[in-house]
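In what follows, a structure is listed as structure tokens, so that the remarks can point back to it.
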Amino acid sequence: MRNASIVVLALVLLTGRYGNSQTPANKSVMGTVTSFNRDTKAIEVKPDNAAPVPLKLLAATVVQRIAPGETNLKNAAAIELSDVTIGDRVLVTLASNGADVLRIVLMAATDIAKRDDADREDWNKRGISGIVSGKNGSQILLKLKTPRGDVQQTVAVSDKTKFRRYSPDSVKFADARPGKLDEVSVGDQIRARGEKSPDGLRVDAEEVVFGTFLTKAGSVVSVDPAGKEISVKELGNGKPFIIKLTLDSAIKQMPGAAGGRGGPAPGANVTQIIEALPAAKIEDIKPGASIVVSGAKGQDADRVTAILLVTNADALIRLAATPSGRGATLVFGSGDGGGLSVLGIQ
């Protein structure tokens with residue numbers, strides 16, 4: 001019963017939305033399957049913030065599969081060891097030797113992907129996003145700059161609205177922490193999901209995720225692919241700063257910028273422009289290229305951990321300098337359901 005209770009309490013962590021790398025006292029390991037040899041029954045599980053742990057499956061190992069979000073073990077289904085695959089989220093109960101596996105409760109990677117796809121689609125369908133321009137009682141006012149002018153949106157909240165605040169250097173919902181309305185400030189980027197008005201400009205929010213970000217534009221001085229760092233001279237003041245890329249950093253590349261053509265279509269929504277851009281790698285970023293980078297606001301103004309980076313961004317910078325685009329800020333979904341990518345040019 002004690003082990004079963006621990007499994008139930010940990011099930012929410014198996015979804016990948018909340019991380020915990022500590023090993024409980026009853027010798028359990030929770031994380032993602034990174035290696036599995038069906039012939040030798042050797043399995044490797046990587047906790048979210050720790051090194052992979054090599055383990056050994058037994059003939060008597062109990063393997064159960066449960067749906068993402070499910071918290072009742074009565075609904076777990078018995079499966080075969082051969083059904084375990086790389087990428088599955090698992091909670092492994094170990095024998096006293098700390099290596100032999102007595103039981104695995106897993107959420108299949110395919111089930112998690114389907115859950116995330118459905119959640120992402122719902123955020124897109126029932127969500128709105130923008131920059132906080134003000135607060136009025138139980139309403140949060142948003143401003144979204146577009147080439148055709150400002151668009152105002154309203155997020156109506158209640159005591160039932162769930163607030164989450166993005167952690168520094170991350171817009172992954174998995175890293176967001178519980179927040180509250182009082183923490184939302186003017187200038188924050190925000191995304192809300194709930195019952196949306198027919199015109200799409202108001203939502204009675206069930207969930208709100210928000211964070212404070214900064215954006216810089218400049219010219220690339222040098223690129224260090226091995227260290228995943230880019231040295232940049234900031235546009236306007238010429239000050240140097242460093243961009244640090246992580247596995248979660250999104251890189252986009254605007255085509256046709258080198259010849260001064262290939263800019264946004266007239267009347268296009270800037271957010272849609274960025275979402276439609278092809279993905280790029282750090283190797284695609286060359287010295288002399290113009291970039292725009294968005295990252296969480298931190299203590300070091302000379303270093304930005306990139307959340308979103310756009311290279312060859314001449315057309316985007318020109319757009320921001322026009323009367324209709326000045327101050328353009330991009331807020332759009334990415335990653336897991338509540339994910340948020342932000343790019344603002346002030």
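Identifiers for the structure tokens are assigned positionally: chains receive A, B, ... in sequence, residues are indexed from 1 per chain, and ligands are indexed from 1 in the order shown.
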key: DSSP helix (DSSP H, G or I) residues within range 49-274 of chain A, as a ChimeraX atom specification   = /A:73-75,81-83,109-126,173-175,181-183,257-259,270-274
message = Quick one: residues within 6 Å of range 94-108 of chain A, only C-alpha atoms, excluding same-chain residues fewer than 2 positions away - as JSON, numbers by chain?
response = {"A": [27, 28, 55, 56, 57, 61, 62, 63, 64, 65, 66, 67, 88, 89, 90, 91, 92, 110, 111]}
request  = Find the spatial neighbours of Asp199 in chain A, counting only C-alpha atoms, within a cut-off of 12 Å - ignore same-chain residues fewer than 3 positions away - and output them as a ChimeraX atom specification.
outcome  = /A:126,128,151-154,195-196,202-203
query = Between A:Ala301, A:Val33, A:Ile230, A:Ala313, which has the minimum distance to Asp48 in chain A (counting only C-alpha atoms)?
reply =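 Of the candidates, the smallest distance to Asp48 in chain A is held by A:Val33.
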message = Which residues are close to Ile242 in chain A, i.e. within 12 Å by only C-alpha atoms, leaving aside same-chain residues fewer than 6 positions away? Reply as a list in words.
response =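 The residues that qualify are Lys216, Ala217, Gly218, Ser219, Val220, Val221, Ser222, Val223, Asp224, Gly227, Lys228, Glu229, Ile230, Ser231, Val232, Lys233, Glu234, Val293, Gly295, Asp300, Ala301, Asp302, Arg303, Val304, Thr305 and Ala306 of chain A.
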Using C-alpha atoms, can you write the selected residues to a file as a tab-separated table (two decimals), in the first residue's frame?
chain	number	residue	atom	x	y	z
A	216	LYS	CA	17.33	42.71	-28.38
A	217	ALA	CA	18.33	43.20	-32.00
A	218	GLY	CA	21.80	43.45	-33.41
A	219	SER	CA	24.51	42.24	-35.74
A	220	VAL	CA	26.34	38.95	-35.21
A	221	VAL	CA	30.04	39.38	-34.43
A	222	SER	CA	31.01	35.73	-33.94
A	223	VAL	CA	29.44	32.31	-33.44
A	224	ASP	CA	30.64	29.48	-31.19
A	227	GLY	CA	29.73	26.46	-26.77
A	228	LYS	CA	26.33	27.38	-28.21
A	229	GLU	CA	27.05	31.09	-27.80
A	230	ILE	CA	26.72	34.02	-30.18
A	231	SER	CA	28.49	37.34	-29.74
A	232	VAL	CA	26.37	40.27	-30.93
A	233	LYS	CA	26.68	44.06	-31.28
A	234	GLU	CA	23.38	45.59	-30.22
A	293	VAL	CA	16.43	37.52	-29.88
A	295	GLY	CA	14.64	35.75	-23.68
A	300	ASP	CA	22.78	39.98	-16.36
A	301	ALA	CA	21.90	42.51	-19.06
A	302	ASP	CA	24.91	41.44	-21.15
A	303	ARG	CA	23.76	37.82	-21.54
A	304	VAL	CA	20.49	36.54	-22.95
A	305	THR	CA	19.43	32.91	-22.82
A	306	ALA	CA	17.49	32.64	-26.06
request  = Apply DSSP to the structure's backbone, then extract all residues of range 23-186 of chain A labelled strand (DSSP E or B) and return them as JSON, numbers by chain.
outcome  = {"A": [28, 29, 30, 31, 32, 33, 34, 35, 36, 37, 42, 43, 44, 45, 46, 53, 54, 55, 56, 57, 58, 59, 60, 61, 62, 63, 64, 65, 77, 78, 89, 90, 91, 92, 93, 94, 100, 101, 102, 103, 104, 105, 106, 107, 127, 128, 129, 130, 131, 132, 133, 134, 135, 136, 139, 140, 141, 142, 143, 144, 145, 146, 149, 150, 151, 152, 153, 154, 155, 156, 162, 163, 164, 165, 177, 178]}
Hey, could you make a per-residue contact list for range 96-144 of chain A against range 162-186 of chain A with 10 Å as the cut-off, showing the nearest pair of atoms and its distance in Å to one decimal, counting only C-alpha atoms, sorted by chain and number, as a Markdown table?
| residue | atom | partner | partner_atom | distance |
| --- | --- | --- | --- | --- |
| A:Ile131 | CA | A:Val186 | CA | 7.6 |
| A:Val132 | CA | A:Val186 | CA | 4.9 |
| A:Ser133 | CA | A:Val186 | CA | 5.2 |
| A:Gly134 | CA | A:Val186 | CA | 5.7 |
| A:Lys135 | CA | A:Val186 | CA | 7.9 |
| A:Gly137 | CA | A:Leu181 | CA | 9.9 |
| A:Ser138 | CA | A:Leu181 | CA | 8.5 |
| A:Gln139 | CA | A:Leu181 | CA | 9.6 |
| A:Ile140 | CA | A:Val184 | CA | 8.6 |
| A:Leu141 | CA | A:Val186 | CA | 9.0 |
| A:Leu142 | CA | A:Val186 | CA | 9.0 |
